[in-house]
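Structure data (PDB, C-alpha atoms) from coords.pdb:
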ATOM      1  CA  MET A  40       2.123  35.187  47.993  1.00  0.00           C
ATOM      2  CA  ALA A  41      -1.507  34.790  49.068  1.00  0.00           C
ATOM      3  CA  ASP A  42      -3.983  32.976  46.881  1.00  0.00           C
ATOM      4  CA  LYS A  43      -6.530  35.019  44.989  1.00  0.00           C
ATOM      5  CA  PHE A  44      -9.746  35.677  46.948  1.00  0.00           C
ATOM      6  CA  GLU A  45     -12.561  33.334  45.946  1.00  0.00           C
ATOM      7  CA  PRO A  46     -15.969  33.369  47.654  1.00  0.00           C
ATOM      8  CA  LYS A  47     -17.501  30.236  49.043  1.00  0.00           C
ATOM      9  CA  PRO A  48     -19.845  28.539  46.560  1.00  0.00           C
ATOM     10  CA  GLU A  49     -22.895  29.267  48.750  1.00  0.00           C
ATOM     11  CA  PHE A  50     -22.374  33.013  48.265  1.00  0.00           C
ATOM     12  CA  LYS A  51     -24.081  33.556  44.963  1.00  0.00           C
ATOM     13  CA  GLY A  52     -23.959  37.305  44.612  1.00  0.00           C
ATOM     14  CA  GLU A  53     -22.603  40.014  42.395  1.00  0.00           C
ATOM     15  CA  HIS A  54     -18.976  41.000  42.558  1.00  0.00           C
ATOM     16  CA  LYS A  55     -18.296  44.732  42.687  1.00  0.00           C
ATOM     17  CA  GLY A  56     -14.868  44.315  41.175  1.00  0.00           C
ATOM     18  CA  THR A  57     -12.797  44.874  44.310  1.00  0.00           C
ATOM     19  CA  GLU A  58     -11.306  41.900  46.051  1.00  0.00           C
ATOM     20  CA  GLY A  59     -13.396  40.878  49.044  1.00  0.00           C
ATOM     21  CA  GLU A  60     -16.427  43.020  48.215  1.00  0.00           C
ATOM     22  CA  TRP A  61     -19.251  40.696  47.318  1.00  0.00           C
ATOM     23  CA  LYS A  62     -22.927  41.614  47.360  1.00  0.00           C
ATOM     24  CA  VAL A  63     -24.560  38.607  48.985  1.00  0.00           C
ATOM     25  CA  PRO A  64     -28.348  38.226  48.812  1.00  0.00           C
ATOM     26  CA  TYR A  65     -30.107  38.711  52.133  1.00  0.00           C
ATOM     27  CA  GLU A  66     -31.183  35.263  53.274  1.00  0.00           C
ATOM     28  CA  LYS A  67     -32.046  35.719  56.951  1.00  0.00           C
ATOM     29  CA  PRO A  68     -35.296  34.233  58.186  1.00  0.00           C
ATOM     30  CA  GLY A  69     -37.933  36.803  58.971  1.00  0.00           C
ATOM     31  CA  PRO A  70     -41.469  37.795  58.247  1.00  0.00           C
ATOM     32  CA  GLU A  71     -43.009  37.141  54.862  1.00  0.00           C
ATOM     33  CA  LYS A  72     -42.767  39.946  52.356  1.00  0.00           C
ATOM     34  CA  GLY A  73     -45.368  42.588  53.189  1.00  0.00           C
ATOM     35  CA  THR A  74     -45.506  41.518  56.843  1.00  0.00           C
ATOM     36  CA  ALA A  75     -43.882  43.466  59.638  1.00  0.00           C
ATOM     37  CA  TYR A  76     -43.476  43.069  63.379  1.00  0.00           C
ATOM     38  CA  GLY A  77     -43.142  45.544  66.211  1.00  0.00           C
ATOM     39  CA  ILE A  78     -42.502  49.167  65.441  1.00  0.00           C
ATOM     40  CA  ALA A  79     -42.353  48.448  61.696  1.00  0.00           C
ATOM     41  CA  ALA A  80     -45.925  47.128  61.874  1.00  0.00           C
ATOM     42  CA  VAL A  81     -46.992  50.257  63.767  1.00  0.00           C
ATOM     43  CA  THR A  82     -45.431  52.591  61.207  1.00  0.00           C
ATOM     44  CA  GLN A  83     -47.038  50.618  58.364  1.00  0.00           C
ATOM     45  CA  ALA A  84     -50.467  50.939  60.008  1.00  0.00           C
ATOM     46  CA  LEU A  85     -49.949  54.703  60.303  1.00  0.00           C
ATOM     47  CA  GLU A  86     -48.382  55.234  56.882  1.00  0.00           C
ATOM     48  CA  GLY A  87     -49.435  58.556  55.363  1.00  0.00           C
ATOM     49  CA  LEU A  88     -50.396  60.195  58.667  1.00  0.00           C
ATOM     50  CA  ASP A  89     -49.557  63.915  58.686  1.00  0.00           C
ATOM     51  CA  PHE A  90     -47.807  65.384  61.721  1.00  0.00           C
ATOM     52  CA  PRO A  91     -48.394  66.995  64.078  1.00  0.00           C
ATOM     53  CA  ALA A  92     -51.338  64.660  64.645  1.00  0.00           C
ATOM     54  CA  SER A  93     -53.950  64.572  67.369  1.00  0.00           C
ATOM     55  CA  LYS A  94     -54.787  61.409  69.268  1.00  0.00           C
ATOM     56  CA  ASP A  95     -58.089  61.310  67.328  1.00  0.00           C
ATOM     57  CA  ASP A  96     -56.195  61.582  64.011  1.00  0.00           C
ATOM     58  CA  VAL A  97     -54.064  58.593  64.989  1.00  0.00           C
ATOM     59  CA  ILE A  98     -57.053  56.535  66.128  1.00  0.00           C
ATOM     60  CA  ASN A  99     -58.889  57.304  62.877  1.00  0.00           C
ATOM     61  CA  LYS A 100     -55.819  56.344  60.847  1.00  0.00           C
ATOM     62  CA  VAL A 101     -55.530  52.893  62.450  1.00  0.00           C
ATOM     63  CA  LYS A 102     -59.106  51.942  61.542  1.00  0.00           C
ATOM     64  CA  GLY A 103     -58.873  48.704  59.611  1.00  0.00           C
ATOM     65  CA  HIS A 104     -55.317  48.155  60.910  1.00  0.00           C
ATOM     66  CA  GLU A 105     -56.063  47.994  64.634  1.00  0.00           C
ATOM     67  CA  ASP A 106     -54.437  44.621  65.238  1.00  0.00           C
ATOM     68  CA  VAL A 107     -50.751  44.470  64.366  1.00  0.00           C
ATOM     69  CA  HIS A 108     -48.115  41.811  64.979  1.00  0.00           C
ATOM     70  CA  TRP A 109     -45.830  42.904  67.773  1.00  0.00           C
ATOM     71  CA  SER A 110     -43.944  39.631  67.360  1.00  0.00           C
ATOM     72  CA  LYS A 111     -44.556  36.361  65.540  1.00  0.00           C
ATOM     73  CA  ASP A 112     -46.816  35.133  68.319  1.00  0.00           C
ATOM     74  CA  LYS A 113     -48.167  38.362  69.865  1.00  0.00           C
ATOM     75  CA  THR A 114     -50.681  40.784  68.413  1.00  0.00           C
ATOM     76  CA  ILE A 115     -51.493  44.189  69.868  1.00  0.00           C
ATOM     77  CA  ASN A 116     -54.530  46.361  69.295  1.00  0.00           C
ATOM     78  CA  LEU A 117     -53.325  49.844  68.370  1.00  0.00           C
ATOM     79  CA  ARG A 118     -56.714  51.454  68.868  1.00  0.00           C
ATOM     80  CA  ALA A 119     -56.894  50.176  72.460  1.00  0.00           C
ATOM     81  CA  ILE A 120     -53.338  51.358  73.135  1.00  0.00           C
ATOM     82  CA  PHE A 121     -54.033  54.872  71.830  1.00  0.00           C
ATOM     83  CA  LEU A 122     -57.313  55.101  73.745  1.00  0.00           C
ATOM     84  CA  ARG A 123     -55.414  54.346  77.002  1.00  0.00           C
ATOM     85  CA  MET A 124     -52.743  56.986  76.353  1.00  0.00           C
ATOM     86  CA  ASP A 125     -52.890  60.329  78.125  1.00  0.00           C
ATOM     87  CA  GLN A 126     -51.022  62.065  75.312  1.00  0.00           C
ATOM     88  CA  LYS A 127     -53.329  64.161  73.111  1.00  0.00           C
ATOM     89  CA  GLU A 128     -50.883  65.299  70.389  1.00  0.00           C
ATOM     90  CA  PHE A 129     -47.969  63.683  68.522  1.00  0.00           C
ATOM     91  CA  GLU A 130     -45.303  65.800  66.838  1.00  0.00           C
ATOM     92  CA  SER A 131     -43.800  62.999  64.741  1.00  0.00           C
ATOM     93  CA  MET A 132     -43.866  59.292  63.968  1.00  0.00           C
ATOM     94  CA  ALA A 133     -40.957  58.960  66.413  1.00  0.00           C
ATOM     95  CA  GLY A 134     -43.224  60.275  69.184  1.00  0.00           C
ATOM     96  CA  VAL A 135     -45.930  57.760  68.277  1.00  0.00           C
ATOM     97  CA  VAL A 136     -43.411  54.909  68.179  1.00  0.00           C
ATOM     98  CA  HIS A 137     -42.013  55.919  71.567  1.00  0.00           C
ATOM     99  CA  GLN A 138     -45.457  55.959  73.190  1.00  0.00           C
ATOM    100  CA  VAL A 139     -46.470  52.613  71.668  1.00  0.00           C
ATOM    101  CA  SER A 140     -43.160  51.107  72.856  1.00  0.00           C
ATOM    102  CA  GLU A 141     -43.785  52.399  76.381  1.00  0.00           C
ATOM    103  CA  GLU A 142     -47.278  50.878  76.388  1.00  0.00           C
ATOM    104  CA  ALA A 143     -45.886  47.575  75.077  1.00  0.00           C
ATOM    105  CA  LYS A 144     -43.371  47.585  77.953  1.00  0.00           C
ATOM    106  CA  LYS A 145     -46.191  48.122  80.454  1.00  0.00           C
ATOM    107  CA  GLU A 146     -48.023  45.143  78.966  1.00  0.00           C
ATOM    108  CA  GLY A 147     -44.881  42.997  79.223  1.00  0.00           C
ATOM    109  CA  LEU A 148     -44.561  42.518  75.467  1.00  0.00           C
ATOM    110  CA  THR A 149     -40.958  43.678  75.084  1.00  0.00           C
ATOM    111  CA  GLY A 150     -39.138  41.655  77.711  1.00  0.00           C
ATOM    112  CA  GLU A 151     -38.153  44.965  79.371  1.00  0.00           C
ATOM    113  CA  LYS A 152     -39.555  46.443  82.554  1.00  0.00           C
TER     114      LYS A 152
END
Rendering of file as structure tokens:
Amino acid sequence: MADKFEPKPEFKGEHKGTEGEWKVPYEKPGPEKGTAYGIAAVTQALEGLDFPASKDDVINKVKGHEDVHWSKDKTINLRAIFLRMDQKEFESMAGVVHQVSEEAKKEGLTGEK
């Protein structure tokens, strides 16, 4: 007969009561609390924007949040990115995120071509 399941000592979490189901605290390295990178930083800068939104609405919304961390060592200027875009209207946050991602690719910030 198999021994009873026991978690490793480094897993200090809550047990849900079922063998093998442990809630382990999230301990991955990442940005400090309140800091975001990439698309998460873009969505934070645009939080509260109503859609559909015009290009001018988006540019006005990013005032004060123009520079966002695309990665730990790269910052992008959202205002400059939106000013370069041909698109005049955004139907959703997903549309904004897609366009910013495409611009980041053009600038070589994503590792994709």
Item checked: Residue nearest Thr114 (chain A) among A:Leu88, A:Ala143, A:Val97, A:Met132 (counting all atoms listed in the file) -> A:Ala143
Next item on the list: Work out how far apart CA of Lys144 (chain A) and CA of Thr74 (chain A) are and give it in Å to one decimal.
Entry: 22.1 Å
Next item on the list: Go through the shown structure with the PyMOL selection byres ((chain A and resi 120) around 10) and write out the matching residues as a VMD selection string.
Entry: chain A and resid 98 105 115 to 119 121 to 124 138 to 139 142 to 143
Check: Hey, can you check how far CA of Ser110 (chain A) sits from CA of Ala92 (chain A)?
Finding: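 These two atoms are separated by 26.2 Å.
With distances restricted to all atoms listed in the file, A:Gly77 is the closest residue to His137 (chain A) from A:His108, A:Asp95, A:Asp89, A:Gly77.
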Return the padded bounding box of region 79-85 of chain A as AutoDock Vina command-line options: axis-aligned, built from all atoms listed in the file, 5 Å added on each side, with centre and edge lengths in Å to one decimal.
--center_x -46.4 --center_y 50.9 --center_z 61.1 --size_x 18.1 --size_y 17.6 --size_z 15.4
Next item on the list: Could you please determine the separation between CA of Phe90 (chain A) and CA of Phe129 (chain A) in Å, to one decimal place?
Entry: 7.0 Å
Next item on the list: Excluding Glu86 (chain A) and residues on its chain fewer than 6 positions from it, collect all residues at most 10 Å away from it, counting all atoms listed in the file, and give them as a VMD selection string.
Entry: chain A and resid 80 100 to 101 132
Item checked: Using all atoms listed in the file: which of A:Lys127, A:Ser140, A:Lys111, A:Asn99 has the shortest distance to Val81 (chain A) ->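 Of all the options, A:Ser140 lies closest to Val81 (chain A).
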Note to self: Which residue is closest to Glu130 (chain A)? Choose from A:Pro91, A:Tyr76, A:Asp112, A:Gly103 and count all atoms listed in the file.
What the structure shows: A:Pro91
Checklist line | Pick from A:Gln83, A:Glu146, A:Ala75, A:Ser93 nearest to Gly134 (chain A), counting all atoms listed in the file | finding: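 Among the listed residues, the smallest separation from Gly134 (chain A) belongs to A:Ser93.
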